[in-house]
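What follows is a short report on a single structure.
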Amino acid sequence: MRLRTLDLFCGGGGSSWGAAAAGAEIVCGVDAWDLAAATFAANFKAGTAVHATLTETCGTEVVGNIGKIDLILASPECTNHTCAKGGKPREEKSKRTARYLLNFARKLKPRFMVLENVVHMRGWHGYHPLVMELEALGYFVRPEVLDAVDFGVPQTRRRLFLMCDREKEPEAIAPRRRRARTAAEILDPEGTWDTRPLHTPKRATPTLERAERAMSALGKGVPFLIVYYGSDGSGGWQPLDRPLRTLTTLDRFGLVTWRYGKPMLRMLQVTELRRAMGFNASYRLDHGSRRDKIRLLGNGVCPPVMQAVVASLVNEKVPRSLEAAE
């Protein structure tokens with residue numbers, strides 16, 4: 001079944017990459033960030049990338065006459081739902097971007113829709129009214145909380161997926177995991193990137209304290225990751241034999257290795273973080289700085305998860321087209 005697909009808040013195209021692997025035809029993607037739209041265009045040449053800011057009143061005029069659409073994907077703003085924002089005030093306008101999907105649903109009337117966001121969205125006072133409005137438009141709505149690690153992604157990343165179907169109740173999605181993939185599997189070969197001594201006069205004390213906790217637990221000579229930013233309840237580090245913790249928009253993870261008995265440090269690179277999101281090597285990240293690319297990845301959807309969601313909606317067996325990323 002060839003699904004003509006529109007991707008709203010498309011970012012760099014993680015959702016569309018996964019949907020395409022499940023057999024969807026990517027017709028158009030829309031994003032407010034010019035670098036995201038450019039990245040989407042680089043990866044979906046047959047589709048149209050629209051650089052535009054969606055609003056509560058705009059609709060299909062943004063994308064023009066794109067013809068029949070069978071599937072709408074949407075990943076509206078999540079920052080003001082997630083606990084990652086800490087104690088900063090939450091912006092209701094940002095949360096309401098999830099409602100922008102409704103205008104497109106009314107006009108295009110696709111059979112399927114998938115809205116992806118952080119799990120914390122369920123605590124928003126507008127969440128249940130949104131689900132009720134989707135149901136009033138004739139959709140059966142199934143919320144699923146899925147962890148990317150259960151779909152062959154070497155990262156722990158739990159997200160909410162609202163699966164919508166006009167004709168029947170969407171089915172539950174069974175995890176595809178055969179085994180949990182680990183952070184060690186995303187690393188480039190040793191020697192690919194320069195490393196620097198961990199202990200230098202300018203190294204921040206909290207960084208050294210995190211490293212000391214890791215070395216105390218693992219012993220010297222064992223490589224590990226330092227978690228630089230974000231809330232962390234595990235001492236600010238993690239071993240390499242577990243899935244990577246949730247990738248964010250920050251340059252968050254440092255790799256500690258050993259040379260002649262001395263600890264060395266470097267940050268994880270874009271190629272490694274791309275693997276951590278479940279992309280294979282053919283996914284292009286040609287635009288922007290290193291920081292921009294990390295933001296694109298950290299804001300993205302893991303393709304193998306969306307592949308499983310779309311395949312489930314259309315009752316098709318998940319193909320093996322993303323196996324190279326696993």
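Each chain in the structure tokens gets a letter, A, B and so on, in the order shown; residues start at 1 in every chain, and ligands are counted from 1 in the order they appear.
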Subject >> Which of stretch 82-218 of chain A DSSP labels helix (DSSP H, G or I), written as an MDAnalysis selection string >> reply: chainID A and resid 83:85 92:108 119:123 127:136 148:151 183:186 205:218
Original post:
Any idea what's packed within 12 Å of A:Glu190, counting only C-alpha atoms, ignoring anything in its chain fewer than 3 positions away? Could you give it as a count of residues only?
Top reply: 14
Using only C-alpha atoms, determine which residues lie at most 9 Å from A:Ala41, disregarding the query and same-chain residues fewer than 6 positions distant; provide the list as a JSON list (two decimals) with N, CA and C atoms, in the first residue's frame.
```json
[["chain", "number", "residue", "atom", "x", "y", "z"],
["A", 12, "GLY", "N", 14.46, 17.16, 10.55],
["A", 12, "GLY", "CA", 15.34, 16.62, 9.53],
["A", 12, "GLY", "C", 14.80, 15.40, 8.81],
["A", 13, "GLY", "N", 13.58, 14.96, 9.17],
["A", 13, "GLY", "CA", 12.94, 13.89, 8.42],
["A", 13, "GLY", "C", 13.01, 12.51, 9.03],
["A", 29, "GLY", "N", 7.21, 17.89, 3.36],
["A", 29, "GLY", "CA", 7.54, 18.11, 4.76],
["A", 29, "GLY", "C", 7.53, 19.60, 5.05],
["A", 47, "GLY", "N", 10.18, 14.56, -2.74],
["A", 47, "GLY", "CA", 9.20, 15.32, -1.98],
["A", 47, "GLY", "C", 9.52, 16.80, -1.97],
["A", 48, "THR", "N", 8.61, 17.58, -1.46],
["A", 48, "THR", "CA", 8.78, 19.02, -1.37],
["A", 48, "THR", "C", 9.01, 19.40, 0.08],
["A", 49, "ALA", "N", 10.06, 20.16, 0.31],
["A", 49, "ALA", "CA", 10.33, 20.68, 1.65],
["A", 49, "ALA", "C", 9.87, 22.13, 1.71],
["A", 50, "VAL", "N", 8.99, 22.44, 2.66],
["A", 50, "VAL", "CA", 8.45, 23.78, 2.80],
["A", 50, "VAL", "C", 9.01, 24.40, 4.08]]
```
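With distances restricted to only C-alpha atoms, A:Ala74 is the closest residue to A:Leu102 from A:Ala217, A:Ala74, A:Ala24, A:Ala281.
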Hey, which bits of stretch 181-236 of chain A sit within 8 Å of stretch 147-167 of chain A, and for each residue what's the closest pair of atoms and how far apart in Å (one decimal), counting only C-alpha atoms, rows by chain and increasing number, as a Markdown table?
```
| residue | atom | partner | partner_atom | distance |
| --- | --- | --- | --- | --- |
| A:Arg181 | CA | A:Pro154 | CA | 4.6 |
| A:Thr182 | CA | A:Pro154 | CA | 5.2 |
| A:Ala183 | CA | A:Pro154 | CA | 6.1 |
| A:Glu185 | CA | A:Pro154 | CA | 7.5 |
| A:Ile186 | CA | A:Pro154 | CA | 7.4 |
```
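Of the listed residues A:Ala98, A:Ala46, A:Ala22, A:Ile226, the one whose atoms come nearest to A:Trp124 is A:Ala98, with distances taken using only C-alpha atoms.
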Original post:
Quick one: distance from atom CA of A:Pro143 to atom CA of A:Gly126 in Å, one decimal?
Top reply: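 Separation of atom CA of A:Pro143 and atom CA of A:Gly126: 14.8 Å.
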Subject >> Residues near A:Arg99, cut-off 12 Å, only C-alpha atoms, skip fewer than 4 positions along chain, as a ChimeraX atom specification >> reply: /A:8,54-59,74-77,92-95,103-106,115,126-134
Let me see the file: selected residues, N, CA and C atoms, as an mmCIF file, in the first residue's frame.
```
data_model
loop_
_atom_site.group_PDB
_atom_site.id
_atom_site.type_symbol
_atom_site.label_atom_id
_atom_site.label_comp_id
_atom_site.auth_asym_id
_atom_site.auth_seq_id
_atom_site.Cartn_x
_atom_site.Cartn_y
_atom_site.Cartn_z
ATOM 1 N N LEU A 8 4.348 17.112 9.031
ATOM 2 C CA LEU A 8 4.295 18.430 9.654
ATOM 3 C C LEU A 8 5.282 18.500 10.820
ATOM 4 N N LEU A 54 4.111 27.132 10.979
ATOM 5 C CA LEU A 54 2.694 26.826 11.088
ATOM 6 C C LEU A 54 2.079 27.616 12.238
ATOM 7 N N THR A 55 0.801 27.960 12.084
ATOM 8 C CA THR A 55 0.056 28.663 13.122
ATOM 9 C C THR A 55 -1.271 27.952 13.348
ATOM 10 N N GLU A 56 -2.005 28.417 14.343
ATOM 11 C CA GLU A 56 -3.268 27.770 14.674
ATOM 12 C C GLU A 56 -4.330 27.994 13.614
ATOM 13 N N THR A 57 -4.165 29.033 12.804
ATOM 14 C CA THR A 57 -5.184 29.348 11.798
ATOM 15 C C THR A 57 -4.801 28.896 10.396
ATOM 16 N N CYS A 58 -3.524 28.599 10.151
ATOM 17 C CA CYS A 58 -3.133 28.228 8.792
ATOM 18 C C CYS A 58 -3.480 26.774 8.514
ATOM 19 N N GLY A 59 -3.528 26.469 7.237
ATOM 20 C CA GLY A 59 -3.874 25.113 6.831
ATOM 21 C C GLY A 59 -3.136 24.724 5.578
ATOM 22 N N ALA A 74 3.099 14.078 12.301
ATOM 23 C CA ALA A 74 3.275 15.372 12.954
ATOM 24 C C ALA A 74 4.063 15.199 14.242
ATOM 25 N N SER A 75 5.100 16.013 14.405
ATOM 26 C CA SER A 75 5.890 16.035 15.636
ATOM 27 C C SER A 75 5.947 17.474 16.148
ATOM 28 N N PRO A 76 4.840 17.957 16.718
ATOM 29 C CA PRO A 76 4.792 19.348 17.173
ATOM 30 C C PRO A 76 5.768 19.607 18.309
ATOM 31 N N GLU A 77 5.905 20.872 18.662
ATOM 32 C CA GLU A 77 6.888 21.278 19.665
ATOM 33 C C GLU A 77 6.710 20.487 20.955
ATOM 34 N N GLU A 92 2.143 27.973 26.858
ATOM 35 C CA GLU A 92 0.947 27.308 26.359
ATOM 36 C C GLU A 92 0.873 27.363 24.835
ATOM 37 N N LYS A 93 1.348 28.453 24.249
ATOM 38 C CA LYS A 93 1.311 28.579 22.789
ATOM 39 C C LYS A 93 2.102 27.460 22.131
ATOM 40 N N SER A 94 3.244 27.129 22.718
ATOM 41 C CA SER A 94 4.059 26.048 22.178
ATOM 42 C C SER A 94 3.335 24.718 22.291
ATOM 43 N N LYS A 95 2.705 24.468 23.418
ATOM 44 C CA LYS A 95 1.982 23.209 23.606
ATOM 45 C C LYS A 95 0.840 23.062 22.598
ATOM 46 N N ASN A 103 -6.426 21.234 11.500
ATOM 47 C CA ASN A 103 -6.805 21.934 10.275
ATOM 48 C C ASN A 103 -6.472 21.107 9.038
ATOM 49 N N PHE A 104 -5.314 20.453 9.061
ATOM 50 C CA PHE A 104 -4.910 19.619 7.928
ATOM 51 C C PHE A 104 -5.782 18.364 7.842
ATOM 52 N N ALA A 105 -6.149 17.826 8.997
ATOM 53 C CA ALA A 105 -7.005 16.632 9.003
ATOM 54 C C ALA A 105 -8.375 16.944 8.416
ATOM 55 N N ARG A 106 -8.921 18.101 8.769
ATOM 56 C CA ARG A 106 -10.253 18.466 8.259
ATOM 57 C C ARG A 106 -10.238 18.643 6.745
ATOM 58 N N LEU A 115 0.680 11.311 15.444
ATOM 59 C CA LEU A 115 1.222 12.462 16.159
ATOM 60 C C LEU A 115 2.218 11.945 17.185
ATOM 61 N N GLY A 126 -4.657 20.099 27.598
ATOM 62 C CA GLY A 126 -5.258 20.031 26.271
ATOM 63 C C GLY A 126 -5.157 18.678 25.602
ATOM 64 N N TYR A 127 -4.516 17.714 26.283
ATOM 65 C CA TYR A 127 -4.289 16.411 25.646
ATOM 66 C C TYR A 127 -5.598 15.671 25.381
ATOM 67 N N HIS A 128 -6.412 15.486 26.398
ATOM 68 C CA HIS A 128 -7.663 14.734 26.214
ATOM 69 C C HIS A 128 -8.637 15.457 25.282
ATOM 70 N N PRO A 129 -8.779 16.799 25.360
ATOM 71 C CA PRO A 129 -9.613 17.475 24.351
ATOM 72 C C PRO A 129 -9.112 17.264 22.929
ATOM 73 N N LEU A 130 -7.797 17.217 22.733
ATOM 74 C CA LEU A 130 -7.260 16.972 21.397
ATOM 75 C C LEU A 130 -7.653 15.587 20.904
ATOM 76 N N VAL A 131 -7.522 14.593 21.771
ATOM 77 C CA VAL A 131 -7.905 13.229 21.391
ATOM 78 C C VAL A 131 -9.391 13.180 21.055
ATOM 79 N N MET A 132 -10.199 13.863 21.846
ATOM 80 C CA MET A 132 -11.653 13.872 21.590
ATOM 81 C C MET A 132 -11.972 14.542 20.259
ATOM 82 N N GLU A 133 -11.249 15.597 19.897
ATOM 83 C CA GLU A 133 -11.497 16.252 18.610
ATOM 84 C C GLU A 133 -11.074 15.362 17.452
ATOM 85 N N LEU A 134 -9.993 14.631 17.621
ATOM 86 C CA LEU A 134 -9.602 13.681 16.581
ATOM 87 C C LEU A 134 -10.676 12.609 16.407
#
```
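Closest approach to A:Asp70 among A:Val27, A:Ala37, A:Ala136, A:Ala42: A:Val27, based on only C-alpha atoms.
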**OP:** Return the single residue from A:Met121, A:Ala36, A:Ala174, A:Ile26 that is closest to A:Leu297, with distances computed using only C-alpha atoms.
**Re:** A:Ala36
Subject >> Point-to-point distance from atom CA of A:Pro110 to atom CA of A:Ser15, Å rounded to tenths >> reply: 16.8 Å
Subject >> Who sits within 8 Å of stretch 285-289 of chain A, only C-alpha atoms, same chain under 6 positions skipped, as a PyMOL selection string >> reply: chain A and resi 35+38-39+42
Using only N, CA and C atoms, please write the residues we just selected to a file, as an mmCIF file, in the first residue's frame.
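Saved result, out.cif, follows:
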```cif
data_model
loop_
_atom_site.group_PDB
_atom_site.id
_atom_site.type_symbol
_atom_site.label_atom_id
_atom_site.label_comp_id
_atom_site.auth_asym_id
_atom_site.auth_seq_id
_atom_site.Cartn_x
_atom_site.Cartn_y
_atom_site.Cartn_z
ATOM 1 N N LEU A 35 17.254 25.150 8.298
ATOM 2 C CA LEU A 35 18.204 24.038 8.186
ATOM 3 C C LEU A 35 17.494 22.689 8.224
ATOM 4 N N ALA A 38 16.013 22.238 4.777
ATOM 5 C CA ALA A 38 17.068 21.903 3.825
ATOM 6 C C ALA A 38 17.525 20.457 3.984
ATOM 7 N N THR A 39 17.613 19.992 5.229
ATOM 8 C CA THR A 39 18.006 18.600 5.480
ATOM 9 C C THR A 39 16.936 17.651 4.969
ATOM 10 N N ALA A 42 17.233 17.381 1.257
ATOM 11 C CA ALA A 42 18.389 16.595 0.832
ATOM 12 C C ALA A 42 18.119 15.106 0.895
#
```
Subject >> Distance criterion (only C-alpha atoms): nearest to A:Lys220 out of A:Leu101, A:Asn299, A:Pro263, A:Ser282 >> reply: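 Nearest to A:Lys220: A:Pro263.
Here the question is which of A:Gly261, A:Val141, A:Leu250, A:Val227 gets nearest to A:Leu208 using only C-alpha atoms, and that residue is A:Val227.
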Original post:
For the atom pair atom CA of A:Leu146 and atom CA of A:Leu296, what is the interatomic distance in Å to one decimal place?
Top reply: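 About the pair atom CA of A:Leu146 and atom CA of A:Leu296: they are 20.5 Å apart.
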Original post:
Quick one: residues within 7 Å of A:Leu71, only C-alpha atoms counted, chain neighbours fewer than 4 positions away excluded, as JSON, numbers by chain?
Top reply: {"A": [3, 4, 5, 6, 110, 111, 112, 113]}
